[in-house]
$ cat query-v4.pdb   # PDB, C-alpha atoms
MODEL        1
ATOM      1  CA  GLY G  28       6.618  19.200   4.562
ATOM      2  CA  ASP G  29       3.547  17.444   5.852
ATOM      3  CA  SER G  30       2.670  14.246   4.038
ATOM      4  CA  VAL G  31       0.783  10.957   4.228
ATOM      5  CA  THR G  32       1.855   7.502   3.109
ATOM      6  CA  GLN G  33      -0.711   4.792   2.511
ATOM      7  CA  MET G  34      -0.359   1.154   1.632
ATOM      8  CA  GLU G  35      -0.028   0.394  -2.032
ATOM      9  CA  GLY G  36      -2.758  -1.509  -3.721
ATOM     10  CA  PRO G  37      -4.527  -2.998  -5.248
ATOM     11  CA  VAL G  38      -6.286  -4.825  -2.459
ATOM     12  CA  THR G  39      -8.643  -7.646  -3.386
ATOM     13  CA  LEU G  40     -10.955  -9.179  -0.804
ATOM     14  CA  SER G  41     -13.912 -11.497  -0.732
ATOM     15  CA  GLU G  42     -17.244 -10.198   0.461
ATOM     16  CA  GLU G  43     -17.572 -10.105   4.272
ATOM     17  CA  ALA G  44     -13.802 -10.088   4.772
ATOM     18  CA  PHE G  45     -12.090  -7.692   7.199
ATOM     19  CA  LEU G  46     -10.462  -4.648   5.671
ATOM     20  CA  THR G  47      -7.447  -2.670   6.820
ATOM     21  CA  ILE G  48      -5.796   0.033   4.740
ATOM     22  CA  ASN G  49      -2.727   1.466   6.445
ATOM     23  CA  CYS G  50      -1.969   5.179   6.537
ATOM     24  CA  THR G  51       0.845   6.961   8.326
ATOM     25  CA  TYR G  52       1.543  10.651   8.378
ATOM     26  CA  THR G  53       4.389  13.106   8.859
ATOM     27  CA  ALA G  54       3.546  16.519  10.229
ATOM     28  CA  THR G  55       5.229  19.255  12.192
ATOM     29  CA  GLY G  56       2.070  20.310  14.007
ATOM     30  CA  TYR G  57      -1.225  18.681  14.920
ATOM     31  CA  PRO G  58      -3.091  18.044  11.693
ATOM     32  CA  SER G  59      -6.607  16.815  11.119
ATOM     33  CA  LEU G  60      -6.813  13.464   9.354
ATOM     34  CA  PHE G  61      -9.277  12.294   6.717
ATOM     35  CA  TRP G  62     -10.280   9.347   4.593
ATOM     36  CA  TYR G  63     -11.893   9.992   1.220
ATOM     37  CA  VAL G  64     -13.461   7.450  -1.134
ATOM     38  CA  GLN G  65     -13.667   7.677  -4.922
ATOM     39  CA  TYR G  66     -16.150   5.461  -6.764
ATOM     40  CA  PRO G  67     -15.649   4.865 -10.498
ATOM     41  CA  GLY G  68     -16.392   7.930 -12.595
ATOM     42  CA  GLU G  69     -16.950  10.181  -9.587
ATOM     43  CA  GLY G  70     -15.088  12.728  -7.523
ATOM     44  CA  LEU G  71     -13.669  12.084  -4.088
ATOM     45  CA  GLN G  72     -16.140  11.989  -1.211
ATOM     46  CA  LEU G  73     -15.310  12.583   2.418
ATOM     47  CA  LEU G  74     -15.721   9.266   4.252
ATOM     48  CA  LEU G  75     -14.626  10.173   7.776
ATOM     49  CA  LYS G  76     -12.333  12.470   9.702
ATOM     50  CA  ALA G  77     -10.617  12.953  13.067
ATOM     51  CA  THR G  78      -9.359  16.272  14.335
ATOM     52  CA  LYS G  79      -7.249  15.350  17.360
ATOM     53  CA  ALA G  80      -5.318  12.492  18.907
ATOM     54  CA  ASP G  81      -7.364   9.453  20.006
ATOM     55  CA  ASP G  82     -10.417  10.641  18.076
ATOM     56  CA  LYS G  83     -12.214   7.918  16.127
ATOM     57  CA  GLY G  84     -13.905   8.796  12.871
ATOM     58  CA  SER G  85     -16.629   6.484  11.611
ATOM     59  CA  ASN G  86     -19.101   6.291   8.738
ATOM     60  CA  LYS G  87     -20.861   3.536   6.764
ATOM     61  CA  GLY G  88     -19.207   0.832   8.891
ATOM     62  CA  PHE G  89     -15.712   2.230   8.309
ATOM     63  CA  GLU G  90     -13.580   3.407  11.228
ATOM     64  CA  ALA G  91     -10.189   5.029  11.746
ATOM     65  CA  THR G  92      -8.495   6.164  14.956
ATOM     66  CA  TYR G  93      -6.032   9.055  15.143
ATOM     67  CA  ARG G  94      -2.935   7.541  16.773
ATOM     68  CA  LYS G  95      -0.408  10.214  17.615
ATOM     69  CA  GLU G  96       2.098   7.783  19.153
ATOM     70  CA  THR G  97       2.361   5.795  15.923
ATOM     71  CA  THR G  98       1.440   8.705  13.588
ATOM     72  CA  SER G  99      -1.173   6.502  11.979
ATOM     73  CA  PHE G 100      -4.787   6.647  10.821
ATOM     74  CA  HIS G 101      -5.565   3.166   9.521
ATOM     75  CA  LEU G 102      -8.920   2.553   7.849
ATOM     76  CA  GLU G 103     -10.860  -0.550   8.947
ATOM     77  CA  LYS G 104     -14.151  -2.233   8.182
ATOM     78  CA  GLY G 105     -15.320  -5.460   9.720
ATOM     79  CA  SER G 106     -17.217  -6.872   6.754
ATOM     80  CA  VAL G 107     -16.769  -5.434   3.280
ATOM     81  CA  GLN G 108     -19.366  -5.514   0.530
ATOM     82  CA  VAL G 109     -19.047  -5.504  -3.244
ATOM     83  CA  SER G 110     -20.348  -1.927  -3.176
ATOM     84  CA  ASP G 111     -17.257  -0.860  -1.175
ATOM     85  CA  SER G 112     -15.083  -1.389  -4.255
ATOM     86  CA  ALA G 113     -13.450   1.999  -4.819
ATOM     87  CA  VAL G 114     -10.222   3.922  -4.385
ATOM     88  CA  TYR G 115      -9.530   5.138  -0.846
ATOM     89  CA  PHE G 116      -7.385   8.194  -0.094
ATOM     90  CA  CYS G 117      -5.857   9.124   3.231
ATOM     91  CA  ALA G 118      -5.275  12.859   3.733
ATOM     92  CA  LEU G 119      -4.178  15.395   6.285
ATOM     93  CA  SER G 120      -4.849  19.078   6.696
ATOM     94  CA  ASP G 121      -3.205  21.653   8.852
ATOM     95  CA  ARG G 122      -4.769  24.882  10.037
ATOM     96  CA  SER G 123      -4.273  26.468   6.646
ATOM     97  CA  ASN G 124      -6.775  23.973   5.187
ATOM     98  CA  ASP G 125      -4.159  22.778   2.727
ATOM     99  CA  MET G 126      -5.084  19.110   2.207
ATOM    100  CA  ARG G 127      -2.303  16.613   1.453
ATOM    101  CA  PHE G 128      -3.537  13.394  -0.149
ATOM    102  CA  GLY G 129      -1.941   9.962  -0.233
ATOM    103  CA  ALA G 130      -1.537   8.090  -3.493
ATOM    104  CA  GLY G 131      -4.779   6.155  -3.060
ATOM    105  CA  THR G 132      -5.457   2.440  -2.536
ATOM    106  CA  ARG G 133      -7.720   0.583  -4.917
ATOM    107  CA  LEU G 134     -10.025  -1.923  -3.221
ATOM    108  CA  THR G 135     -11.865  -4.619  -5.143
ATOM    109  CA  VAL G 136     -14.389  -6.772  -3.305
ATOM    110  CA  LYS G 137     -15.454  -9.994  -5.023
ATOM    111  CA  PRO G 138     -18.761 -11.748  -4.382
TER
ATOM    112  CA  ASP O  28     -27.456  21.908  -1.661
ATOM    113  CA  ALA O  29     -26.537  21.028  -5.250
ATOM    114  CA  GLY O  30     -22.903  20.345  -4.431
ATOM    115  CA  VAL O  31     -19.903  21.460  -6.444
ATOM    116  CA  ILE O  32     -20.884  21.575 -10.109
ATOM    117  CA  GLN O  33     -18.383  21.147 -12.898
ATOM    118  CA  SER O  34     -18.903  21.539 -16.609
ATOM    119  CA  PRO O  35     -18.504  20.023 -19.058
ATOM    120  CA  ARG O  36     -18.355  16.410 -17.810
ATOM    121  CA  HIS O  37     -16.440  15.353 -20.892
ATOM    122  CA  GLU O  38     -14.391  17.377 -23.356
ATOM    123  CA  VAL O  39     -12.615  16.138 -26.451
ATOM    124  CA  THR O  40     -10.534  18.680 -28.289
ATOM    125  CA  GLU O  41      -7.759  18.870 -30.804
ATOM    126  CA  MET O  42      -4.214  19.755 -29.903
ATOM    127  CA  GLY O  43      -3.660  23.516 -29.981
ATOM    128  CA  GLN O  44      -7.236  24.434 -29.126
ATOM    129  CA  GLU O  45      -8.251  26.428 -26.069
ATOM    130  CA  VAL O  46     -10.111  24.561 -23.354
ATOM    131  CA  THR O  47     -12.098  26.146 -20.533
ATOM    132  CA  LEU O  48     -13.285  24.136 -17.558
ATOM    133  CA  ARG O  49     -15.880  25.572 -15.199
ATOM    134  CA  CYS O  50     -16.693  25.113 -11.549
ATOM    135  CA  LYS O  51     -19.497  26.405  -9.351
ATOM    136  CA  LEU O  52     -18.823  26.327  -5.626
ATOM    137  CA  ILE O  53     -21.211  25.491  -2.841
ATOM    138  CA  SER O  54     -22.783  28.571  -1.292
ATOM    139  CA  GLY O  55     -20.902  29.576   1.844
ATOM    140  CA  HIS O  56     -17.655  27.884   0.843
ATOM    141  CA  ASN O  57     -14.737  30.279   0.621
ATOM    142  CA  SER O  58     -11.889  28.072  -0.631
ATOM    143  CA  LEU O  59     -11.600  26.607  -4.111
ATOM    144  CA  PHE O  60      -9.125  23.965  -5.295
ATOM    145  CA  TRP O  61      -8.321  22.670  -8.787
ATOM    146  CA  TYR O  62      -6.853  19.164  -9.051
ATOM    147  CA  ARG O  63      -5.727  16.996 -11.935
ATOM    148  CA  GLN O  64      -5.893  13.202 -11.759
ATOM    149  CA  THR O  65      -4.029  10.762 -14.007
ATOM    150  CA  MET O  66      -3.062   7.132 -13.663
ATOM    151  CA  MET O  67       0.629   7.989 -13.786
ATOM    152  CA  ARG O  68       0.773  10.918 -11.361
ATOM    153  CA  GLY O  69      -2.336  10.418  -9.239
ATOM    154  CA  LEU O  70      -4.049  13.452  -7.753
ATOM    155  CA  GLU O  71      -2.158  16.728  -8.198
ATOM    156  CA  LEU O  72      -3.103  20.100  -6.738
ATOM    157  CA  LEU O  73      -2.871  22.738  -9.450
ATOM    158  CA  ILE O  74      -3.993  25.895  -7.671
ATOM    159  CA  TYR O  75      -6.144  27.038  -4.807
ATOM    160  CA  PHE O  76      -8.014  30.206  -3.941
ATOM    161  CA  ASN O  77      -9.116  31.578  -0.615
ATOM    162  CA  ASN O  78     -11.800  34.274  -0.653
ATOM    163  CA  ASN O  79     -11.317  34.653  -4.422
ATOM    164  CA  VAL O  80      -7.567  35.283  -4.074
ATOM    165  CA  PRO O  81      -5.064  32.790  -5.547
ATOM    166  CA  ILE O  82      -2.967  31.490  -2.657
ATOM    167  CA  ASP O  83      -0.757  28.826  -4.208
ATOM    168  CA  ASP O  84      -0.362  28.202  -7.931
ATOM    169  CA  SER O  85       2.890  26.277  -7.702
ATOM    170  CA  GLY O  86       1.195  23.183  -9.080
ATOM    171  CA  MET O  87       0.182  24.803 -12.355
ATOM    172  CA  PRO O  88       2.224  22.908 -14.949
ATOM    173  CA  GLU O  89       3.209  25.824 -17.138
ATOM    174  CA  ASP O  90       2.071  29.115 -18.572
ATOM    175  CA  ARG O  91      -0.448  27.389 -20.796
ATOM    176  CA  PHE O  92      -2.597  26.910 -17.681
ATOM    177  CA  SER O  93      -4.464  29.757 -16.025
ATOM    178  CA  ALA O  94      -7.230  29.921 -13.428
ATOM    179  CA  LYS O  95      -9.568  32.678 -12.397
ATOM    180  CA  MET O  96     -12.174  33.235  -9.757
ATOM    181  CA  PRO O  97     -14.210  36.235 -10.883
ATOM    182  CA  ASN O  98     -16.650  35.938  -7.977
ATOM    183  CA  ALA O  99     -17.214  33.987  -4.793
ATOM    184  CA  SER O 100     -19.142  31.189  -6.463
ATOM    185  CA  PHE O 101     -17.458  30.523  -9.791
ATOM    186  CA  SER O 102     -14.057  29.579 -11.171
ATOM    187  CA  THR O 103     -12.534  28.672 -14.521
ATOM    188  CA  LEU O 104      -9.443  26.739 -15.498
ATOM    189  CA  LYS O 105      -8.158  27.494 -18.969
ATOM    190  CA  ILE O 106      -5.595  25.627 -21.033
ATOM    191  CA  GLN O 107      -4.292  27.447 -24.103
ATOM    192  CA  PRO O 108      -2.971  25.849 -26.231
ATOM    193  CA  SER O 109      -3.918  22.335 -25.173
ATOM    194  CA  GLU O 110      -1.586  19.363 -25.690
ATOM    195  CA  PRO O 111      -2.201  15.595 -25.591
ATOM    196  CA  ARG O 112      -0.305  15.317 -22.282
ATOM    197  CA  ASP O 113      -2.973  17.504 -20.692
ATOM    198  CA  SER O 114      -5.449  14.643 -21.038
ATOM    199  CA  ALA O 115      -6.691  13.854 -17.526
ATOM    200  CA  VAL O 116      -9.663  14.213 -15.218
ATOM    201  CA  TYR O 117      -9.808  17.688 -13.704
ATOM    202  CA  PHE O 118     -11.578  18.149 -10.391
ATOM    203  CA  CYS O 119     -12.511  21.224  -8.487
ATOM    204  CA  ALA O 120     -13.265  21.117  -4.784
ATOM    205  CA  SER O 121     -14.476  23.670  -2.304
ATOM    206  CA  SER O 122     -14.433  24.014   1.451
ATOM    207  CA  ARG O 123     -15.830  26.282   4.125
ATOM    208  CA  PRO O 124     -13.938  27.803   7.043
ATOM    209  CA  GLY O 125     -12.972  25.242   9.661
ATOM    210  CA  ILE O 126     -11.973  21.596   9.524
ATOM    211  CA  TYR O 127     -14.758  20.136   7.399
ATOM    212  CA  GLY O 128     -12.817  18.594   4.550
ATOM    213  CA  TYR O 129     -13.348  19.261   0.887
ATOM    214  CA  THR O 130     -16.383  18.718  -1.317
ATOM    215  CA  PHE O 131     -15.397  17.580  -4.776
ATOM    216  CA  GLY O 132     -17.214  17.976  -8.048
ATOM    217  CA  SER O 133     -17.733  15.048 -10.399
ATOM    218  CA  GLY O 134     -14.836  16.102 -12.585
ATOM    219  CA  THR O 135     -14.245  16.946 -16.234
ATOM    220  CA  ARG O 136     -12.624  14.237 -18.315
ATOM    221  CA  LEU O 137     -10.439  16.027 -20.866
ATOM    222  CA  THR O 138      -9.066  14.257 -23.907
ATOM    223  CA  VAL O 139      -6.730  16.146 -26.213
ATOM    224  CA  VAL O 140      -6.128  14.402 -29.527
TER
ENDMDL
END
$ encode --input "query-v4.pdb" --output "structure tokens"
Amino acid sequence: GDSVTQMEGPVTLSEEAFLTINCTYTATGYPSLFWYVQYPGEGLQLLLKATKADDKGSNKGFEATYRKETTSFHLEKGSVQVSDSAVYFCALSDRSNDMRFGAGTRLTVKP
Amino acid sequence: DAGVIQSPRHEVTEMGQEVTLRCKLISGHNSLFWYRQTMMRGLELLIYFNNNVPIDDSGMPEDRFSAKMPNASFSTLKIQPSEPRDSAVYFCASSRPGIYGYTFGSGTRLTVV
């Protein structure tokens, strides 16, 4: 079945460092791809999405590009802040709206 | 838009007791999802509804778990009897037709002692 695989954490960075969290997917069709963020004690929040190949989703300085040729949707941010410390989930959804989540990657940003 | 509202935020109960978790969907959303999150197993889909109809309950752990959606805006997840291994954070999420992603509630942290 459809699935996503994301890099294992935890990831620890210093403030203003460049962030990449890798995500690859397996799907039989043409899914939509998502990144969600979960801050401590809260539910998941949609961070960004892309619905077709070569689309770039962006929000709050984060970006991810839907790469069909490499079946990837890597999350990037040029300069992380302490407030970006959270768990990040990659996910895909087919037309049935059944969302498949990755295992999550915990990011800690130190001052 | 008040978002997806879950209650209670925290629940501590004794083993064997019945637990009911509640979720209010966002107006206009027609799909409802119940998830369980633990350190060991991560985020697990328990059941989801579309237009009040249960579509996939294959993630429900066992017969002790049941979920209902009596109307378009409200759902309950019941555990009877509860066991310590049910301790987790339970989230509900809703979505509207189309590719918009899910909106999650803040979760209910359940502790069964």
$ closest_residue --input "query-v4.pdb" --among "G:Ala80, G:Ile48, G:Leu73, G:Val31" --to "chain O" --atoms "all atoms listed in the file"
G:Leu73
$ atom_distance --input "query-v4.pdb" --atom1 "atom CA of G:Thr51" --atom2 "atom CA of G:Thr97"
7.8 Å
$ residues_around --input "query-v4.pdb" --residues "stretch 101-107 of chain O" --least-positions-apart "4" --cutoff "10 Å" --atoms "all atoms listed in the file" --output "PyMOL selection string"
chain O and resi 31-34+42-53+59-61+73-74+76+79+89-97+113+117+119
$ interface_residues --input "query-v4.pdb" --of "chain O" --to "chain G" --cutoff "6 Å" --atoms "all atoms listed in the file" --output "count of residues only"
3
$ closest_residue --input "query-v4.pdb" --among "G:Gly88, G:Tyr57, G:Leu40, G:Pro138" --to "G:Gly105" --atoms "only C-alpha atoms"
G:Gly88
$ resolve_selection --input "query-v4.pdb" --expression "the PyMOL selection byres ((chain O and resi 137) around 10)" --output "NGL selection string"
:O and (35-40 or 46 or 48 or 111 or 113-117 or 134-136 or 138-140)
$ write_last_selection --input "query-v4.pdb" --atoms "C-alpha atoms" --output "short mmCIF file (atom, residue, chain, number, x, y, z; two decimals), in the coordinates of the input"
data_model
loop_
_atom_site.label_atom_id
_atom_site.label_comp_id
_atom_site.auth_asym_id
_atom_site.auth_seq_id
_atom_site.Cartn_x
_atom_site.Cartn_y
_atom_site.Cartn_z
CA PRO O 35 -18.50 20.02 -19.06
CA ARG O 36 -18.36 16.41 -17.81
CA HIS O 37 -16.44 15.35 -20.89
CA GLU O 38 -14.39 17.38 -23.36
CA VAL O 39 -12.62 16.14 -26.45
CA THR O 40 -10.53 18.68 -28.29
CA VAL O 46 -10.11 24.56 -23.35
CA LEU O 48 -13.28 24.14 -17.56
CA PRO O 111 -2.20 15.60 -25.59
CA ASP O 113 -2.97 17.50 -20.69
CA SER O 114 -5.45 14.64 -21.04
CA ALA O 115 -6.69 13.85 -17.53
CA VAL O 116 -9.66 14.21 -15.22
CA TYR O 117 -9.81 17.69 -13.70
CA GLY O 134 -14.84 16.10 -12.58
CA THR O 135 -14.24 16.95 -16.23
CA ARG O 136 -12.62 14.24 -18.32
CA THR O 138 -9.07 14.26 -23.91
CA VAL O 139 -6.73 16.15 -26.21
CA VAL O 140 -6.13 14.40 -29.53
#
$ resolve_selection --input "query-v4.pdb" --expression "the PyMOL selection byres ((chain G and resi 95) around 10)" --output "list of chain:residue names"
G:Thr51, G:Tyr52, G:Tyr57, G:Lys79, G:Ala80, G:Asp81, G:Thr92, G:Tyr93, G:Arg94, G:Glu96, G:Thr97, G:Thr98, G:Ser99, G:Phe100
$ residues_near_point --input "query-v4.pdb" --point "(-14.1, 26.3, 9.1)" --cutoff "10 Å" --atoms "only C-alpha atoms" --output "VMD selection string"
(chain G and resid 122 124) or (chain O and resid 56 to 57 122 to 128)
$ resolve_selection --input "query-v4.pdb" --expression "the PyMOL selection byres ((chain G and resi 42) around 8)" --output "ChimeraX atom specification"
/G:40-41,43-44,106-109,136-138
$ closest_residue --input "query-v4.pdb" --among "G:Phe89, G:Leu46, G:Ser110, G:Cys117" --to "G:Thr32" --atoms "all atoms listed in the file"
G:Cys117
$ atom_distance --input "query-v4.pdb" --atom1 "atom CA of G:His101" --atom2 "atom CA of G:Gly56"
19.3 Å
$ atom_distance --input "query-v4.pdb" --atom1 "atom CA of O:Asn78" --atom2 "atom CA of O:Ala120"
13.9 Å
$ axis_aligned_box --input "query-v4.pdb" --around "stretch 90-93 of chain O" --padding-each-side "5 Å" --output "lines of an AutoDock Vina configuration file"
center_x = -1.2
center_y = 28.3
center_z = -18.4
size_x = 16.5
size_y = 12.8
size_z = 14.8
$ closest_residue --input "query-v4.pdb" --among "G:Asp111, G:Ala54, G:Val64, G:Thr39" --to "O:Tyr129" --atoms "only C-alpha atoms"
G:Val64
$ closest_residue --input "query-v4.pdb" --among "O:Glu110, O:Gln64, O:Phe118, O:Glu71" --to "O:Ser85" --atoms "all atoms listed in the file"
O:Glu71
$ build_atoms --input "query-v4.pdb" --residues "stretch 117-128 of chain O" --atoms "all heavy atoms" --output "PDB file, in the frame of the given file"
ATOM      1  N   TYR O 117     -10.035  16.479 -14.488  1.00  0.00           N
ATOM      2  CA  TYR O 117      -9.808  17.688 -13.704  1.00  0.00           C
ATOM      3  C   TYR O 117     -10.957  17.844 -12.706  1.00  0.00           C
ATOM      4  O   TYR O 117     -12.128  17.829 -13.084  1.00  0.00           O
ATOM      5  CB  TYR O 117      -9.723  18.910 -14.616  1.00  0.00           C
ATOM      6  CG  TYR O 117      -8.462  18.904 -15.458  1.00  0.00           C
ATOM      7  CD1 TYR O 117      -8.385  18.148 -16.629  1.00  0.00           C
ATOM      8  CD2 TYR O 117      -7.339  19.638 -15.072  1.00  0.00           C
ATOM      9  CE1 TYR O 117      -7.227  18.116 -17.380  1.00  0.00           C
ATOM     10  CE2 TYR O 117      -6.174  19.618 -15.827  1.00  0.00           C
ATOM     11  CZ  TYR O 117      -6.127  18.846 -16.975  1.00  0.00           C
ATOM     12  OH  TYR O 117      -4.976  18.812 -17.718  1.00  0.00           O
ATOM     13  N   PHE O 118     -10.581  17.977 -11.442  1.00  0.00           N
ATOM     14  CA  PHE O 118     -11.578  18.149 -10.391  1.00  0.00           C
ATOM     15  C   PHE O 118     -11.447  19.531  -9.770  1.00  0.00           C
ATOM     16  O   PHE O 118     -10.331  20.036  -9.595  1.00  0.00           O
ATOM     17  CB  PHE O 118     -11.375  17.122  -9.269  1.00  0.00           C
ATOM     18  CG  PHE O 118     -11.700  15.709  -9.647  1.00  0.00           C
ATOM     19  CD1 PHE O 118     -10.693  14.814  -9.971  1.00  0.00           C
ATOM     20  CD2 PHE O 118     -13.011  15.276  -9.681  1.00  0.00           C
ATOM     21  CE1 PHE O 118     -10.988  13.499 -10.318  1.00  0.00           C
ATOM     22  CE2 PHE O 118     -13.326  13.958 -10.020  1.00  0.00           C
ATOM     23  CZ  PHE O 118     -12.309  13.082 -10.344  1.00  0.00           C
ATOM     24  N   CYS O 119     -12.565  20.107  -9.407  1.00  0.00           N
ATOM     25  CA  CYS O 119     -12.511  21.224  -8.487  1.00  0.00           C
ATOM     26  C   CYS O 119     -13.166  20.778  -7.182  1.00  0.00           C
ATOM     27  O   CYS O 119     -13.994  19.869  -7.151  1.00  0.00           O
ATOM     28  CB  CYS O 119     -13.148  22.494  -9.045  1.00  0.00           C
ATOM     29  SG  CYS O 119     -14.922  22.482  -9.141  1.00  0.00           S
ATOM     30  N   ALA O 120     -12.750  21.411  -6.118  1.00  0.00           N
ATOM     31  CA  ALA O 120     -13.265  21.117  -4.784  1.00  0.00           C
ATOM     32  C   ALA O 120     -13.398  22.428  -4.036  1.00  0.00           C
ATOM     33  O   ALA O 120     -12.659  23.383  -4.303  1.00  0.00           O
ATOM     34  CB  ALA O 120     -12.340  20.167  -4.037  1.00  0.00           C
ATOM     35  N   SER O 121     -14.328  22.471  -3.118  1.00  0.00           N
ATOM     36  CA  SER O 121     -14.476  23.670  -2.304  1.00  0.00           C
ATOM     37  C   SER O 121     -14.573  23.284  -0.838  1.00  0.00           C
ATOM     38  O   SER O 121     -14.853  22.123  -0.498  1.00  0.00           O
ATOM     39  CB  SER O 121     -15.698  24.489  -2.736  1.00  0.00           C
ATOM     40  OG  SER O 121     -16.906  23.817  -2.428  1.00  0.00           O
ATOM     41  N   SER O 122     -14.316  24.254   0.016  1.00  0.00           N
ATOM     42  CA  SER O 122     -14.433  24.014   1.451  1.00  0.00           C
ATOM     43  C   SER O 122     -14.869  25.295   2.144  1.00  0.00           C
ATOM     44  O   SER O 122     -14.694  26.402   1.606  1.00  0.00           O
ATOM     45  CB  SER O 122     -13.113  23.509   2.041  1.00  0.00           C
ATOM     46  OG  SER O 122     -12.144  24.538   2.055  1.00  0.00           O
ATOM     47  N   ARG O 123     -15.424  25.115   3.324  1.00  0.00           N
ATOM     48  CA  ARG O 123     -15.830  26.282   4.125  1.00  0.00           C
ATOM     49  C   ARG O 123     -14.842  26.450   5.272  1.00  0.00           C
ATOM     50  O   ARG O 123     -14.064  25.537   5.557  1.00  0.00           O
ATOM     51  CB  ARG O 123     -17.231  26.098   4.660  1.00  0.00           C
ATOM     52  CG  ARG O 123     -17.476  24.798   5.417  1.00  0.00           C
ATOM     53  CD  ARG O 123     -18.924  24.722   5.868  1.00  0.00           C
ATOM     54  NE  ARG O 123     -19.296  23.394   6.301  1.00  0.00           N
ATOM     55  CZ  ARG O 123     -19.989  23.147   7.408  1.00  0.00           C
ATOM     56  NH1 ARG O 123     -20.366  24.137   8.196  1.00  0.00           N
ATOM     57  NH2 ARG O 123     -20.313  21.905   7.740  1.00  0.00           N
ATOM     58  N   PRO O 124     -14.873  27.589   5.923  1.00  0.00           N
ATOM     59  CA  PRO O 124     -13.938  27.803   7.043  1.00  0.00           C
ATOM     60  C   PRO O 124     -14.092  26.730   8.113  1.00  0.00           C
ATOM     61  O   PRO O 124     -15.194  26.313   8.437  1.00  0.00           O
ATOM     62  CB  PRO O 124     -14.348  29.183   7.575  1.00  0.00           C
ATOM     63  CG  PRO O 124     -14.981  29.863   6.416  1.00  0.00           C
ATOM     64  CD  PRO O 124     -15.690  28.781   5.652  1.00  0.00           C
ATOM     65  N   GLY O 125     -12.950  26.290   8.649  1.00  0.00           N
ATOM     66  CA  GLY O 125     -12.972  25.242   9.661  1.00  0.00           C
ATOM     67  C   GLY O 125     -12.537  23.913   9.079  1.00  0.00           C
ATOM     68  O   GLY O 125     -12.245  23.792   7.896  1.00  0.00           O
ATOM     69  N   ILE O 126     -12.483  22.907   9.925  1.00  0.00           N
ATOM     70  CA  ILE O 126     -11.973  21.596   9.524  1.00  0.00           C
ATOM     71  C   ILE O 126     -13.154  20.712   9.103  1.00  0.00           C
ATOM     72  O   ILE O 126     -13.661  19.895   9.878  1.00  0.00           O
ATOM     73  CB  ILE O 126     -11.181  20.947  10.661  1.00  0.00           C
ATOM     74  CG1 ILE O 126     -10.104  21.907  11.169  1.00  0.00           C
ATOM     75  CG2 ILE O 126     -10.556  19.650  10.180  1.00  0.00           C
ATOM     76  CD1 ILE O 126      -9.086  22.315  10.123  1.00  0.00           C
ATOM     77  N   TYR O 127     -13.612  20.898   7.899  1.00  0.00           N
ATOM     78  CA  TYR O 127     -14.758  20.136   7.399  1.00  0.00           C
ATOM     79  C   TYR O 127     -14.420  19.270   6.205  1.00  0.00           C
ATOM     80  O   TYR O 127     -15.265  18.582   5.676  1.00  0.00           O
ATOM     81  CB  TYR O 127     -15.904  21.088   7.048  1.00  0.00           C
ATOM     82  CG  TYR O 127     -16.446  21.851   8.244  1.00  0.00           C
ATOM     83  CD1 TYR O 127     -16.072  23.170   8.462  1.00  0.00           C
ATOM     84  CD2 TYR O 127     -17.291  21.239   9.162  1.00  0.00           C
ATOM     85  CE1 TYR O 127     -16.550  23.864   9.556  1.00  0.00           C
ATOM     86  CE2 TYR O 127     -17.769  21.928  10.259  1.00  0.00           C
ATOM     87  CZ  TYR O 127     -17.387  23.242  10.454  1.00  0.00           C
ATOM     88  OH  TYR O 127     -17.854  23.928  11.547  1.00  0.00           O
ATOM     89  N   GLY O 128     -13.167  19.343   5.741  1.00  0.00           N
ATOM     90  CA  GLY O 128     -12.817  18.594   4.550  1.00  0.00           C
ATOM     91  C   GLY O 128     -13.281  19.311   3.299  1.00  0.00           C
ATOM     92  O   GLY O 128     -13.855  20.396   3.349  1.00  0.00           O
TER      93      GLY O 128
END
